[in-house]
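What follows is structure06.cif (mmCIF, C-alpha atoms).
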data_upload
#
loop_
_atom_site.label_atom_id
_atom_site.label_comp_id
_atom_site.auth_asym_id
_atom_site.auth_seq_id
_atom_site.Cartn_x
_atom_site.Cartn_y
_atom_site.Cartn_z
CA MET E 1028 -28.11 36.65 -45.29
CA ASN E 1029 -24.60 37.95 -44.82
CA ASN E 1030 -22.47 38.25 -41.73
CA THR E 1031 -23.05 41.91 -40.88
CA PHE E 1032 -26.75 41.25 -40.98
CA VAL E 1033 -26.42 38.53 -38.34
CA TRP E 1034 -24.17 40.69 -36.17
CA LYS E 1035 -26.70 43.50 -36.34
CA TYR E 1036 -29.27 41.19 -34.83
CA VAL E 1037 -26.83 39.99 -32.17
CA GLY E 1038 -26.17 43.61 -31.24
CA GLN E 1039 -29.88 44.31 -31.17
CA PHE E 1040 -30.41 41.33 -28.88
CA VAL E 1041 -27.81 42.58 -26.38
CA LEU E 1042 -28.92 46.23 -26.49
CA LEU E 1043 -32.60 45.42 -26.08
CA MET E 1044 -31.82 43.06 -23.23
CA LEU E 1045 -29.72 45.68 -21.44
CA LEU E 1046 -32.36 48.35 -21.95
CA GLN E 1047 -35.03 46.01 -20.65
CA VAL E 1048 -33.13 44.82 -17.60
CA LEU E 1049 -31.44 48.04 -16.56
CA LEU E 1050 -34.19 50.53 -17.26
CA LEU E 1051 -37.60 49.27 -18.29
CA ASP E 1052 -37.93 46.53 -15.67
CA LYS E 1053 -37.61 49.23 -13.02
CA ILE E 1054 -40.51 51.18 -14.46
CA ALA E 1055 -43.78 50.24 -12.83
CA LEU E 1056 -46.30 52.98 -13.52
CA TRP E 1057 -49.30 52.56 -11.25
CA GLY E 1058 -47.78 49.33 -10.04
CA PHE E 1059 -48.17 47.21 -13.14
CA LEU E 1060 -47.24 49.13 -16.28
CA THR E 1061 -43.88 47.75 -17.38
CA PRO E 1062 -43.10 48.06 -21.09
CA MET E 1063 -41.82 44.82 -22.62
CA LEU E 1064 -39.63 46.33 -25.28
CA TYR E 1065 -37.34 43.31 -25.59
CA ILE E 1066 -39.86 41.38 -27.72
CA LEU E 1067 -39.08 43.91 -30.45
CA PHE E 1068 -36.23 41.52 -31.25
CA ILE E 1069 -38.66 38.76 -32.21
CA LEU E 1070 -40.93 41.23 -33.95
CA THR E 1071 -38.25 42.48 -36.32
CA LEU E 1072 -36.60 39.19 -37.35
CA PRO E 1073 -36.67 38.99 -41.18
CA PHE E 1074 -39.60 37.34 -42.92
CA GLN E 1075 -37.30 34.63 -44.28
CA THR E 1076 -36.05 33.47 -40.88
CA PRO E 1077 -36.87 29.76 -40.55
CA ARG E 1078 -39.73 29.25 -38.15
CA TRP E 1079 -37.78 26.93 -35.86
CA LEU E 1080 -35.06 29.58 -35.52
CA VAL E 1081 -37.62 32.22 -34.56
CA VAL E 1082 -39.00 29.87 -31.91
CA LEU E 1083 -35.53 29.09 -30.60
CA LEU E 1084 -34.51 32.77 -30.48
CA GLY E 1085 -37.80 33.59 -28.78
CA PHE E 1086 -37.07 31.03 -26.11
CA GLY E 1087 -33.52 32.37 -25.77
CA ILE E 1088 -34.44 36.01 -25.22
CA GLY E 1089 -37.27 35.04 -22.90
CA LEU E 1090 -34.90 32.96 -20.82
CA CYS E 1091 -32.46 35.87 -20.61
CA GLU E 1092 -35.21 38.13 -19.32
CA ASP E 1093 -36.23 35.45 -16.82
CA CYS E 1094 -32.74 35.28 -15.38
CA PHE E 1095 -33.08 38.92 -14.32
CA SER E 1096 -36.68 38.99 -13.21
CA GLY E 1097 -37.37 36.37 -10.59
CA ILE E 1098 -39.32 33.30 -11.62
CA MET E 1099 -37.56 31.24 -14.29
CA GLY E 1100 -39.53 30.19 -17.32
CA VAL E 1101 -42.38 32.72 -17.31
CA HIS E 1102 -41.02 35.01 -20.01
CA ALA E 1103 -39.44 32.08 -21.86
CA ALA E 1104 -42.81 30.33 -22.14
CA ALA E 1105 -44.52 33.53 -23.29
CA THR E 1106 -41.91 34.54 -25.85
CA THR E 1107 -41.72 30.99 -27.26
CA CYS E 1108 -45.49 31.16 -27.77
CA ILE E 1109 -45.46 34.50 -29.56
CA ALA E 1110 -42.46 33.44 -31.64
CA PHE E 1111 -44.43 30.39 -32.74
CA ALA E 1112 -47.56 32.46 -33.36
CA ARG E 1113 -45.68 35.11 -35.33
CA PRO E 1114 -46.44 33.80 -38.87
CA LEU E 1115 -50.07 33.24 -37.91
CA ILE E 1116 -50.47 36.82 -36.71
CA MET E 1117 -48.66 38.12 -39.79
CA ASN E 1118 -51.11 36.29 -42.03
CA LEU E 1119 -54.03 37.46 -39.94
CA ILE E 1120 -53.44 41.12 -40.77
CA PRO E 1121 -54.14 41.99 -44.39
CA SER E 1122 -51.18 43.64 -46.04
CA LYS E 1123 -51.91 46.16 -48.79
CA SER E 1124 -48.82 45.42 -50.85
CA ALA E 1125 -47.04 42.14 -51.42
CA ILE E 1126 -44.19 41.34 -49.09
CA GLU E 1127 -40.97 41.43 -51.06
CA GLU E 1128 -37.96 39.34 -50.30
CA HIS E 1129 -35.71 42.09 -48.98
CA MET E 1130 -38.29 43.46 -46.54
CA ARG E 1131 -38.34 43.05 -42.81
CA PRO E 1132 -41.37 43.41 -40.55
CA ILE E 1133 -40.39 46.91 -39.43
CA LEU E 1134 -42.16 50.24 -39.52
CA TRP E 1135 -40.33 51.67 -42.54
CA ASP E 1136 -40.81 48.60 -44.75
CA MET E 1137 -44.48 48.02 -43.99
CA HIS E 1138 -47.52 50.23 -43.68
CA PHE E 1139 -47.98 52.07 -40.44
CA GLY E 1140 -51.33 50.40 -39.82
CA TRP E 1141 -49.98 46.94 -40.52
CA PHE E 1142 -47.00 47.34 -38.27
CA THR E 1143 -49.01 48.85 -35.42
CA ALA E 1144 -51.62 46.10 -35.56
CA TYR E 1145 -48.92 43.44 -35.78
CA SER E 1146 -46.90 44.75 -32.86
CA PHE E 1147 -50.01 45.37 -30.79
CA LEU E 1148 -51.28 41.82 -31.24
CA MET E 1149 -47.86 40.38 -30.42
CA CYS E 1150 -47.46 42.59 -27.35
CA PHE E 1151 -50.93 41.86 -26.10
CA LEU E 1152 -50.52 38.11 -26.51
CA HIS E 1153 -47.12 38.22 -24.85
CA GLN E 1154 -48.29 40.29 -21.90
CA PHE E 1155 -51.34 38.12 -21.36
CA LEU E 1156 -49.23 34.96 -21.48
CA VAL E 1157 -46.78 36.43 -18.97
CA PHE E 1158 -49.68 37.00 -16.58
CA PHE E 1159 -51.01 33.53 -17.30
CA PHE E 1160 -47.74 31.67 -16.82
CA ASP E 1161 -46.97 33.69 -13.74
CA ALA E 1162 -50.17 32.63 -12.00
CA PHE E 1163 -50.87 29.40 -13.88
CA SER E 1164 -54.62 29.87 -13.80
CA LEU E 1165 -57.26 31.93 -15.52
CA ALA E 1166 -58.75 33.17 -12.26
CA HIS E 1167 -58.19 36.88 -12.92
CA CYS E 1168 -58.59 36.61 -16.66
CA LEU E 1169 -60.61 39.81 -17.12
CA HIS E 1170 -58.31 41.87 -14.99
CA TRP E 1171 -55.34 40.60 -16.99
CA ILE E 1172 -56.98 41.42 -20.29
CA GLY E 1173 -57.43 45.01 -19.12
CA ALA E 1174 -53.91 45.27 -17.77
CA SER E 1175 -52.46 43.64 -20.90
CA LEU E 1176 -54.38 46.07 -23.11
CA ILE E 1177 -53.00 49.13 -21.37
CA ASN E 1178 -49.55 47.67 -21.07
CA SER E 1179 -49.35 46.62 -24.72
CA LEU E 1180 -50.56 50.07 -25.86
CA PHE E 1181 -47.74 51.56 -23.83
CA THR E 1182 -45.25 49.08 -25.24
CA VAL E 1183 -46.40 49.66 -28.83
CA LEU E 1184 -45.93 53.38 -28.35
CA LEU E 1185 -42.39 52.76 -27.17
CA ILE E 1186 -41.75 50.34 -30.05
CA LEU E 1187 -42.90 52.96 -32.56
CA VAL E 1188 -40.62 55.56 -31.01
CA VAL E 1189 -37.64 53.18 -31.04
CA GLN E 1190 -38.39 52.22 -34.66
CA CYS E 1191 -38.59 55.86 -35.72
CA LEU E 1192 -35.32 56.70 -34.02
CA PHE E 1193 -33.09 53.72 -34.68
CA TYR E 1194 -34.34 51.79 -37.71
CA ASN E 1195 -33.90 52.42 -41.41
CA SER E 1196 -35.84 50.92 -44.24
CA SER E 1197 -34.18 47.74 -45.53
CA LYS E 1198 -32.17 48.06 -48.68
CA ARG E 1199 -32.52 45.70 -51.57
CA TYR E 1200 -29.49 43.45 -51.70
CA MET C 565 -37.63 6.57 -43.58
CA LYS C 566 -37.39 9.34 -46.12
CA ASN C 567 -40.95 10.25 -45.34
CA LEU C 568 -40.24 10.39 -41.61
CA VAL C 569 -37.28 12.73 -42.09
CA GLU C 570 -39.41 14.87 -44.36
CA PHE C 571 -42.17 14.89 -41.76
CA ILE C 572 -39.80 15.98 -38.98
CA ARG C 573 -38.25 18.64 -41.19
CA ARG C 574 -41.61 20.00 -42.07
CA TYR C 575 -42.86 20.22 -38.53
CA ALA C 576 -39.52 21.06 -36.89
CA ALA C 577 -40.88 24.35 -35.62
CA VAL C 578 -43.89 22.69 -34.02
CA PHE C 579 -41.79 20.06 -32.29
CA LEU C 580 -39.33 22.66 -31.11
CA PHE C 581 -42.18 24.82 -29.89
CA PHE C 582 -43.66 22.04 -27.76
CA LEU C 583 -40.24 20.99 -26.49
CA LEU C 584 -39.35 24.53 -25.41
CA GLU C 585 -42.77 25.09 -23.85
CA ILE C 586 -42.32 21.92 -21.80
CA ILE C 587 -38.88 23.11 -20.71
CA SER C 588 -40.24 26.54 -19.78
CA ILE C 589 -43.16 25.19 -17.83
CA SER C 590 -41.00 22.72 -15.95
CA LEU C 591 -38.66 25.62 -15.17
CA ILE C 592 -41.58 27.63 -13.79
CA ILE C 593 -42.71 24.70 -11.67
CA SER C 594 -39.25 23.88 -10.36
CA SER C 595 -38.33 27.48 -9.58
CA THR C 596 -41.60 28.17 -7.75
CA SER C 597 -41.72 24.89 -5.82
CA TYR C 598 -40.70 24.78 -2.19
CA LYS C 599 -37.59 22.81 -2.92
CA GLN C 600 -34.66 25.00 -3.80
CA TRP C 601 -34.01 24.94 -7.49
CA LYS C 602 -30.36 24.11 -8.10
CA GLY C 603 -29.98 26.20 -11.23
CA GLY C 604 -31.13 29.31 -9.35
CA LYS C 605 -27.78 29.65 -7.67
CA VAL C 606 -25.93 29.62 -10.97
CA VAL C 607 -28.31 32.15 -12.47
CA ARG C 608 -27.97 34.48 -9.48
CA GLU C 609 -24.22 34.15 -9.72
CA VAL C 610 -24.38 35.58 -13.25
CA THR C 611 -27.17 38.12 -12.89
CA GLY C 612 -26.25 39.27 -9.37
CA PRO C 613 -23.60 41.84 -10.32
CA VAL C 614 -25.86 43.38 -12.98
CA LEU C 615 -28.79 43.64 -10.61
CA LYS C 616 -26.52 45.10 -7.95
CA GLN C 617 -25.39 47.86 -10.31
CA ARG C 618 -28.99 48.53 -11.21
CA ALA C 619 -29.99 48.81 -7.57
CA LYS C 620 -27.07 51.13 -6.94
CA ALA C 621 -28.10 53.38 -9.81
CA SER C 622 -31.74 53.48 -8.86
CA SER C 623 -30.98 54.22 -5.22
CA TYR C 624 -29.55 57.54 -6.40
CA LEU C 625 -32.91 58.41 -7.87
CA HIS C 626 -34.57 57.95 -4.51
CA LEU C 627 -32.09 59.98 -2.49
CA ARG C 628 -34.32 63.04 -2.46
CA ARG C 629 -37.27 61.14 -1.06
CA GLU C 630 -35.01 59.26 1.31
CA ASN C 631 -33.65 62.56 2.54
CA ARG C 632 -37.13 63.99 3.04
CA ASN C 633 -38.15 60.94 5.03
CA LEU C 634 -35.11 61.30 7.23
CA MET C 635 -35.94 64.96 7.83
CA GLU C 636 -39.48 64.03 8.81
CA LEU C 637 -38.14 61.47 11.21
CA GLU C 638 -35.65 63.91 12.63
CA ARG C 639 -38.38 66.50 13.19
CA GLU C 640 -40.51 63.95 14.98
CA LEU C 641 -37.60 62.95 17.17
CA PHE C 642 -36.93 66.63 17.92
CA ARG C 643 -40.49 67.10 19.07
CA GLN C 644 -40.36 64.06 21.26
CA ALA C 645 -36.95 64.74 22.72
CA TYR C 646 -37.34 68.43 23.47
CA ASN C 647 -40.97 68.70 24.47
CA THR C 648 -41.38 66.05 27.11
CA ASP C 649 -38.62 66.37 29.73
CA ILE C 650 -40.60 68.27 32.31
CA GLY C 651 -38.00 67.72 35.03
CA ASN C 652 -35.64 70.40 33.76
CA ARG C 653 -38.12 72.91 32.48
CA THR C 654 -39.26 76.32 33.54
CA VAL C 655 -42.66 76.85 35.11
CA THR C 656 -43.94 78.33 31.88
CA GLU C 657 -42.93 75.27 29.96
CA ILE C 658 -44.60 72.86 32.35
CA TYR C 659 -47.74 74.93 32.20
CA MET C 660 -47.63 74.76 28.42
CA ASP C 661 -47.28 71.03 28.48
CA SER C 662 -50.76 70.59 29.87
CA LEU C 663 -52.17 72.10 26.69
CA LYS C 664 -52.60 70.09 23.51
CA GLN C 665 -50.29 72.12 21.34
CA PRO C 666 -46.60 71.37 21.83
CA LEU C 667 -44.47 74.25 23.03
CA PHE C 668 -42.06 74.09 20.12
CA GLU C 669 -42.51 73.25 16.45
CA TYR C 670 -39.65 72.70 14.04
CA THR C 671 -39.33 73.65 10.37
CA ALA C 672 -36.42 72.52 8.24
CA ALA C 673 -34.61 75.16 6.20
CA LYS C 674 -31.68 75.16 3.82
CA VAL C 675 -28.69 77.36 4.45
CA LEU C 676 -28.18 79.57 1.40
CA GLU C 677 -25.38 81.70 2.72
CA ASN C 678 -23.26 81.44 5.81
CA THR C 679 -20.21 83.28 7.04
CA THR C 680 -17.92 82.28 9.87
CA PHE C 681 -14.90 84.56 9.55
CA LEU C 682 -16.41 88.05 10.03
CA PRO C 683 -16.67 89.83 13.39
CA ASP C 684 -20.48 89.65 13.04
CA ASN C 685 -21.71 86.65 11.11
CA TYR C 686 -25.05 86.07 9.45
CA LEU C 687 -26.83 83.21 7.70
CA ILE C 688 -29.46 83.37 5.00
CA LEU C 689 -32.09 80.62 4.95
CA ASP C 690 -34.61 79.62 2.29
CA LYS C 691 -37.66 80.05 4.53
CA GLY C 692 -39.42 83.36 5.10
CA ALA C 693 -42.60 85.08 6.21
CA MET C 694 -44.67 82.93 3.87
CA ASP C 695 -43.44 79.87 5.75
CA GLY C 696 -44.43 81.44 9.07
CA VAL C 697 -40.98 82.63 10.09
CA HIS C 698 -40.81 85.70 12.39
CA SER C 699 -37.83 87.59 13.63
CA GLY C 700 -36.67 86.32 16.99
CA MET C 701 -37.15 82.64 16.27
CA GLY C 702 -34.37 80.25 17.19
CA ILE C 703 -32.25 78.28 14.73
CA LEU C 704 -30.80 74.90 15.59
CA SER C 705 -28.76 72.36 13.72
CA ASP C 706 -28.73 68.71 14.59
CA LYS C 707 -25.57 69.33 16.60
CA GLY C 708 -26.34 72.50 18.50
CA VAL C 709 -27.57 76.09 18.66
CA VAL C 710 -26.98 78.14 15.48
CA GLY C 711 -28.54 81.57 15.97
CA ILE C 712 -31.67 83.74 16.02
CA VAL C 713 -33.77 85.02 13.10
CA LYS C 714 -33.12 88.72 12.50
CA ASP C 715 -34.97 89.95 9.42
CA VAL C 716 -37.64 88.23 7.36
CA SER C 717 -38.66 88.70 3.73
CA PRO C 718 -41.49 86.75 2.09
CA HIS C 719 -39.24 83.83 1.04
CA PHE C 720 -36.04 84.23 2.99
CA CYS C 721 -34.74 85.19 6.38
CA THR C 722 -31.43 86.37 7.79
CA VAL C 723 -30.13 84.80 10.95
CA MET C 724 -27.88 86.41 13.51
CA SER C 725 -25.35 83.65 13.94
CA LEU C 726 -24.09 82.58 17.34
CA LEU C 727 -20.85 83.92 15.89
CA HIS C 728 -22.01 87.53 16.35
CA SER C 729 -20.80 90.10 18.87
CA ARG C 730 -24.36 90.89 20.03
CA PHE C 731 -25.44 87.28 20.47
CA SER C 732 -25.84 86.03 24.01
CA LEU C 733 -27.45 82.93 25.39
CA SER C 734 -28.13 81.62 28.85
CA VAL C 735 -26.56 78.19 29.36
CA ILE C 736 -26.36 75.60 32.11
CA LEU C 737 -24.10 72.67 32.84
CA LYS C 738 -25.84 69.56 31.60
CA ASP C 739 -25.47 67.58 34.84
CA GLY C 740 -25.42 70.39 37.32
CA VAL C 741 -26.71 73.74 38.43
CA VAL C 742 -23.86 75.99 37.29
CA THR C 743 -25.16 78.60 34.89
CA GLY C 744 -23.55 81.20 32.67
CA VAL C 745 -24.02 83.42 29.67
CA LEU C 746 -22.53 82.57 26.30
CA TYR C 747 -20.76 85.20 24.20
CA TRP C 748 -18.65 84.98 21.12
CA ASP C 749 -15.28 86.69 21.29
CA GLY C 750 -14.84 86.82 17.51
CA LYS C 751 -11.74 84.66 17.48
CA SER C 752 -12.68 81.24 16.11
CA HIS C 753 -15.85 79.70 14.71
CA ARG C 754 -15.20 76.66 16.88
CA LYS C 755 -14.95 78.47 20.22
CA ALA C 756 -17.02 80.76 22.44
CA LEU C 757 -16.85 82.14 25.98
CA ILE C 758 -19.09 81.57 28.97
CA ARG C 759 -19.20 84.45 31.42
CA ASN C 760 -21.00 85.01 34.72
CA VAL C 761 -20.00 81.60 36.06
CA SER C 762 -20.42 81.75 39.81
CA THR C 763 -18.47 78.66 40.85
CA LEU C 764 -15.98 76.35 39.27
CA GLY C 765 -16.36 73.52 41.76
CA GLN C 766 -18.31 71.12 39.63
CA ILE C 767 -16.88 71.97 36.23
CA LYS C 768 -14.51 69.65 34.43
CA ILE C 769 -13.04 69.94 30.94
CA GLY C 770 -15.28 68.10 28.49
CA ASP C 771 -18.54 68.82 30.34
CA THR C 772 -21.47 69.62 28.12
CA LEU C 773 -23.31 72.94 28.28
CA VAL C 774 -26.93 73.17 27.25
CA THR C 775 -29.57 75.87 26.74
CA HIS C 776 -31.35 77.15 29.81
CA HIS C 777 -34.36 79.34 30.63
CA SER C 778 -35.12 80.06 27.04
CA LEU C 779 -38.38 80.67 25.23
CA ILE C 780 -36.56 80.69 21.91
CA PHE C 781 -34.71 77.40 22.13
CA PRO C 782 -35.89 74.17 23.71
CA SER C 783 -34.39 73.49 27.11
CA HIS C 784 -31.36 71.26 27.38
CA TYR C 785 -30.30 71.58 23.78
CA PRO C 786 -26.52 71.15 23.42
CA VAL C 787 -24.38 74.24 22.87
CA GLY C 788 -20.82 73.07 23.41
CA THR C 789 -18.30 71.39 25.68
CA VAL C 790 -15.93 73.04 28.16
CA SER C 791 -12.45 73.29 26.67
CA LYS C 792 -10.67 75.70 29.03
CA ILE C 793 -11.38 76.97 32.55
CA HIS C 794 -10.23 80.50 33.42
CA THR C 795 -9.58 80.55 37.14
CA GLU C 796 -9.06 84.30 37.51
CA VAL C 797 -12.07 86.22 38.78
CA GLU C 798 -13.56 89.07 36.73
CA ASP C 799 -16.25 91.21 38.38
CA GLY C 800 -16.86 88.43 40.85
CA PHE C 801 -17.41 85.73 38.24
CA TYR C 802 -15.34 83.08 36.54
CA SER C 803 -15.35 82.44 32.83
CA LEU C 804 -15.00 79.38 30.62
CA GLU C 805 -13.98 78.70 27.08
CA ILE C 806 -16.11 76.18 25.21
CA ARG C 807 -15.82 74.25 22.02
CA LEU C 808 -19.07 74.74 20.10
CA SER C 809 -20.86 71.52 19.29
CA ASN C 810 -22.22 72.86 16.00
CA ALA C 811 -19.77 72.89 13.09
CA PHE C 812 -20.54 76.36 11.72
CA ASP C 813 -18.48 75.83 8.60
CA ARG C 814 -20.42 72.69 7.62
CA MET C 815 -24.14 73.46 7.77
CA ASN C 816 -26.60 72.45 5.07
CA THR C 817 -29.91 72.06 6.80
CA VAL C 818 -31.01 73.77 9.98
CA TRP C 819 -34.19 73.85 12.06
CA ILE C 820 -36.28 76.92 12.65
CA VAL C 821 -37.81 76.71 16.13
CA ARG C 822 -41.27 78.15 16.53
CA ASN C 823 -42.58 78.80 20.01
CA ASN C 824 -46.31 78.23 19.68
CA TYR C 825 -47.03 80.51 22.67
CA GLN C 826 -44.78 83.39 21.75
CA GLU C 827 -47.63 85.90 21.52
CA GLU C 828 -49.29 84.77 24.70
CA ILE C 829 -46.05 85.00 26.62
CA GLN C 830 -45.33 88.40 25.13
CA THR C 831 -48.75 89.73 26.17
CA LEU C 832 -48.29 88.36 29.65
CA ARG C 833 -44.85 89.86 29.95
CA ASP C 834 -46.07 93.25 28.71
CA SER C 835 -48.93 93.36 31.21
CA THR C 836 -46.61 92.38 34.07
CA PHE C 837 -44.16 95.15 33.26
CA ARG C 838 -46.98 97.68 32.87
CA HIS C 839 -48.35 96.97 36.32
CA GLU C 840 -45.04 97.34 38.06
#
Starting from the file, lay out its structure as structure tokens.
Amino acid sequence: MNNTFVWKYVGQFVLLMLLQVLLLDKIALWGFLTPMLYILFILTLPFQTPRWLVVLLGFGIGLCEDCFSGIMGVHAAATTCIAFARPLIMNLIPSKSAIEEHMRPILWDMHFGWFTAYSFLMCFLHQFLVFFFDAFSLAHCLHWIGASLINSLFTVLLILVVQCLFYNSSKRY
Amino acid sequence: MKNLVEFIRRYAAVFLFFLLEIISISLIISSTSYKQWKGGKVVREVTGPVLKQRAKASSYLHLRRENRNLMELERELFRQAYNTDIGNRTVTEIYMDSLKQPLFEYTAAKVLENTTFLPDNYLILDKGAMDGVHSGMGILSDKGVVGIVKDVSPHFCTVMSLLHSRFSLSVILKDGVVTGVLYWDGKSHRKALIRNVSTLGQIKIGDTLVTHHSLIFPSHYPVGTVSKIHTEVEDGFYSLEIRLSNAFDRMNTVWIVRNNYQEEIQTLRDSTFRHE
């Protein structure tokens, strides 16, 4: 992993955070639909990233989002969870071709179906955990599942658009 | 020992995961508990400016709605202020008050074109016959009287401005009984003349003049303030110069005044004149 590669991810972190805080957090379609685009950062970390680093970065970006959105710790707890669950979800979805070393879990490197399923599961889990940590009970579990479903579909759509517009397939290096 | 290090290395992610989850959950608990969380102040210190900018930006997006709400409020206030003061109203108006429908209704309109420097000035508004506008309706701004609707097309109407040689309006001193008729002398868009003033006894410079005996404008709506008193008598009457309360060069939104009983009054008036 060279230096420019790291800086690219730092830039992505800042840009996604700004986009999330300044624009997406203000969107509340029908009162609850807020796309959580910032987890795209965790989604697209390279396959080789050590697991502890993914968890730490997940906590970091979650904490940043928390600072801007009221209750501290809610997003941090949720993003730490999905960062930890990332390899499990990756293994859960069958991949048609072998994952090569230079690849990243992004749309252009993987199959469309794989990437969509992967990002949907991550988004859904994240959204559900945000609801859960916010209320700290499972009282409205069913309602949350519905809301998380719709919200994660919306987020996945946005993720696909962002991937199409701003990401290139990884080069072999 | 080697085994222990190996064990920790192997499960580093799991340990880190649990550690960070514990931190997060304790953060949630401490920031939602009744006791003020100390870190909150520091966080707000950092995030405050960003959130402020965001709020500033998003308030621009709501200006249109905000504006509409203010217009609604203004219309409501208009109705309340100029439909209830029975004390200073004509017999017709008091009679109308006993009915359910208010005497006057107000519709907001945008000024599309407006002149102030011609001998006869007109306005064009963005409301027309399809919005229920008829010729002869009164036009007010929030500051004072503007003019009277002249011609109407389906979507627009022209308004004979107060700044027109054929415009005249009956006015009365706000806190008195001195009446007069307002004309525009074509000199300045800030000034107009009041003729047919019978006595100057009660009039001081700065007194407010309001509408009077009108079925087009609500009673006691401001027109202007006395700026000069002409003491010489013309045809048995004095005259005044007033400073118009409406800024004719700075109008964006005006109010079209609808008299809900215009037709009824017209019929009544026609039958009276026919019988004489």
Quick check on the file I pasted: which residues fall under the PyMOL selection byres ((chain E) within 6 of (chain C))? Write them as a ChimeraX atom specification. /E:1049,1078-1079,1099-1100,1103-1104
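One finds CA of His719 (chain C) at 23.7 Å from CA of Leu634 (chain C).
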Name the residues captured by the PyMOL selection byres ((chain E and resi 1177) around 12) when it is applied to the shown file; answer as a ChimeraX atom specification. /E:1056-1057,1059-1062,1147,1150-1151,1154-1155,1170-1176,1178-1184
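Against this structure, the PyMOL selection byres ((chain C and resi 744) around 9) ends up with Leu733, Ser734, Val735, Ile736, Leu737, Val742, Thr743, Val745, Leu746, Ile758, Arg759, Asn760, Val761, Ser762, Ser803 and Leu804 of chain C.
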For Leu779 (chain C), which residue among C:Lys620, C:Arg730, C:Arg822, C:His626 is the nearest when counting only C-alpha atoms? C:Arg822
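Between CA of Thr680 (chain C) and CA of Arg754 (chain C) there is a distance of 9.4 Å.
Shortest atom-to-atom contact with Ser752 (chain C) among C:Ser778, C:Asn685, C:Thr817, C:Ser705: C:Asn685, counting all atoms listed in the file.
The interatomic distance for the pair CA of Ile1109 (chain E) and CA of Glu609 (chain C) works out to 29.1 Å.
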So which residues touch Val1081 (chain E) within 9 Å, counting only C-alpha atoms, skipping near sequence neighbours fewer than 5 positions away, as a PDB file with C-alpha atoms, in the frame of the given file?
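To be explicit, this is the file written out as result.pdb:
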ATOM      1  CA  ILE E1069     -38.660  38.760 -32.210  1.00  0.00           C
ATOM      2  CA  LEU E1072     -36.600  39.190 -37.350  1.00  0.00           C
ATOM      3  CA  THR E1076     -36.050  33.470 -40.880  1.00  0.00           C
ATOM      4  CA  PHE E1086     -37.070  31.030 -26.110  1.00  0.00           C
ATOM      5  CA  THR E1107     -41.720  30.990 -27.260  1.00  0.00           C
ATOM      6  CA  ALA E1110     -42.460  33.440 -31.640  1.00  0.00           C
ATOM      7  CA  PHE E1111     -44.430  30.390 -32.740  1.00  0.00           C
ATOM      8  CA  ARG E1113     -45.680  35.110 -35.330  1.00  0.00           C
TER       9      ARG E1113
ATOM     10  CA  ALA C 577     -40.880  24.350 -35.620  1.00  0.00           C
TER      11      ALA C 577
END
Where atoms are absent from region 1040-1048 of chain E, fill them in so it carries N, CA, C and O atoms, then output it as a PDB file, in the frame of the given file.
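Result file selection20.pdb:
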ATOM      1  N   PHE E1040     -30.053  42.219 -29.999  1.00  0.00           N
ATOM      2  CA  PHE E1040     -30.410  41.330 -28.880  1.00  0.00           C
ATOM      3  C   PHE E1040     -29.811  41.869 -27.577  1.00  0.00           C
ATOM      4  O   PHE E1040     -30.513  42.078 -26.590  1.00  0.00           O
ATOM      5  N   VAL E1041     -28.505  42.138 -27.603  1.00  0.00           N
ATOM      6  CA  VAL E1041     -27.810  42.580 -26.380  1.00  0.00           C
ATOM      7  C   VAL E1041     -28.336  43.933 -25.921  1.00  0.00           C
ATOM      8  O   VAL E1041     -28.651  44.134 -24.732  1.00  0.00           O
ATOM      9  N   LEU E1042     -28.477  44.883 -26.862  1.00  0.00           N
ATOM     10  CA  LEU E1042     -28.920  46.230 -26.490  1.00  0.00           C
ATOM     11  C   LEU E1042     -30.333  46.220 -25.914  1.00  0.00           C
ATOM     12  O   LEU E1042     -30.597  46.856 -24.890  1.00  0.00           O
ATOM     13  N   LEU E1043     -31.227  45.475 -26.579  1.00  0.00           N
ATOM     14  CA  LEU E1043     -32.600  45.420 -26.080  1.00  0.00           C
ATOM     15  C   LEU E1043     -32.653  44.781 -24.706  1.00  0.00           C
ATOM     16  O   LEU E1043     -33.390  45.223 -23.820  1.00  0.00           O
ATOM     17  N   MET E1044     -31.850  43.751 -24.518  1.00  0.00           N
ATOM     18  CA  MET E1044     -31.820  43.060 -23.230  1.00  0.00           C
ATOM     19  C   MET E1044     -31.344  44.014 -22.127  1.00  0.00           C
ATOM     20  O   MET E1044     -31.928  44.085 -21.045  1.00  0.00           O
ATOM     21  N   LEU E1045     -30.262  44.744 -22.432  1.00  0.00           N
ATOM     22  CA  LEU E1045     -29.720  45.680 -21.440  1.00  0.00           C
ATOM     23  C   LEU E1045     -30.739  46.766 -21.107  1.00  0.00           C
ATOM     24  O   LEU E1045     -30.967  47.085 -19.941  1.00  0.00           O
ATOM     25  N   LEU E1046     -31.358  47.298 -22.149  1.00  0.00           N
ATOM     26  CA  LEU E1046     -32.360  48.350 -21.950  1.00  0.00           C
ATOM     27  C   LEU E1046     -33.498  47.829 -21.083  1.00  0.00           C
ATOM     28  O   LEU E1046     -33.971  48.502 -20.160  1.00  0.00           O
ATOM     29  N   GLN E1047     -33.925  46.603 -21.387  1.00  0.00           N
ATOM     30  CA  GLN E1047     -35.030  46.010 -20.650  1.00  0.00           C
ATOM     31  C   GLN E1047     -34.678  45.798 -19.178  1.00  0.00           C
ATOM     32  O   GLN E1047     -35.413  46.187 -18.280  1.00  0.00           O
ATOM     33  N   VAL E1048     -33.509  45.200 -18.964  1.00  0.00           N
ATOM     34  CA  VAL E1048     -33.130  44.820 -17.600  1.00  0.00           C
ATOM     35  C   VAL E1048     -32.768  46.046 -16.757  1.00  0.00           C
ATOM     36  O   VAL E1048     -33.207  46.191 -15.618  1.00  0.00           O
TER      37      VAL E1048
END
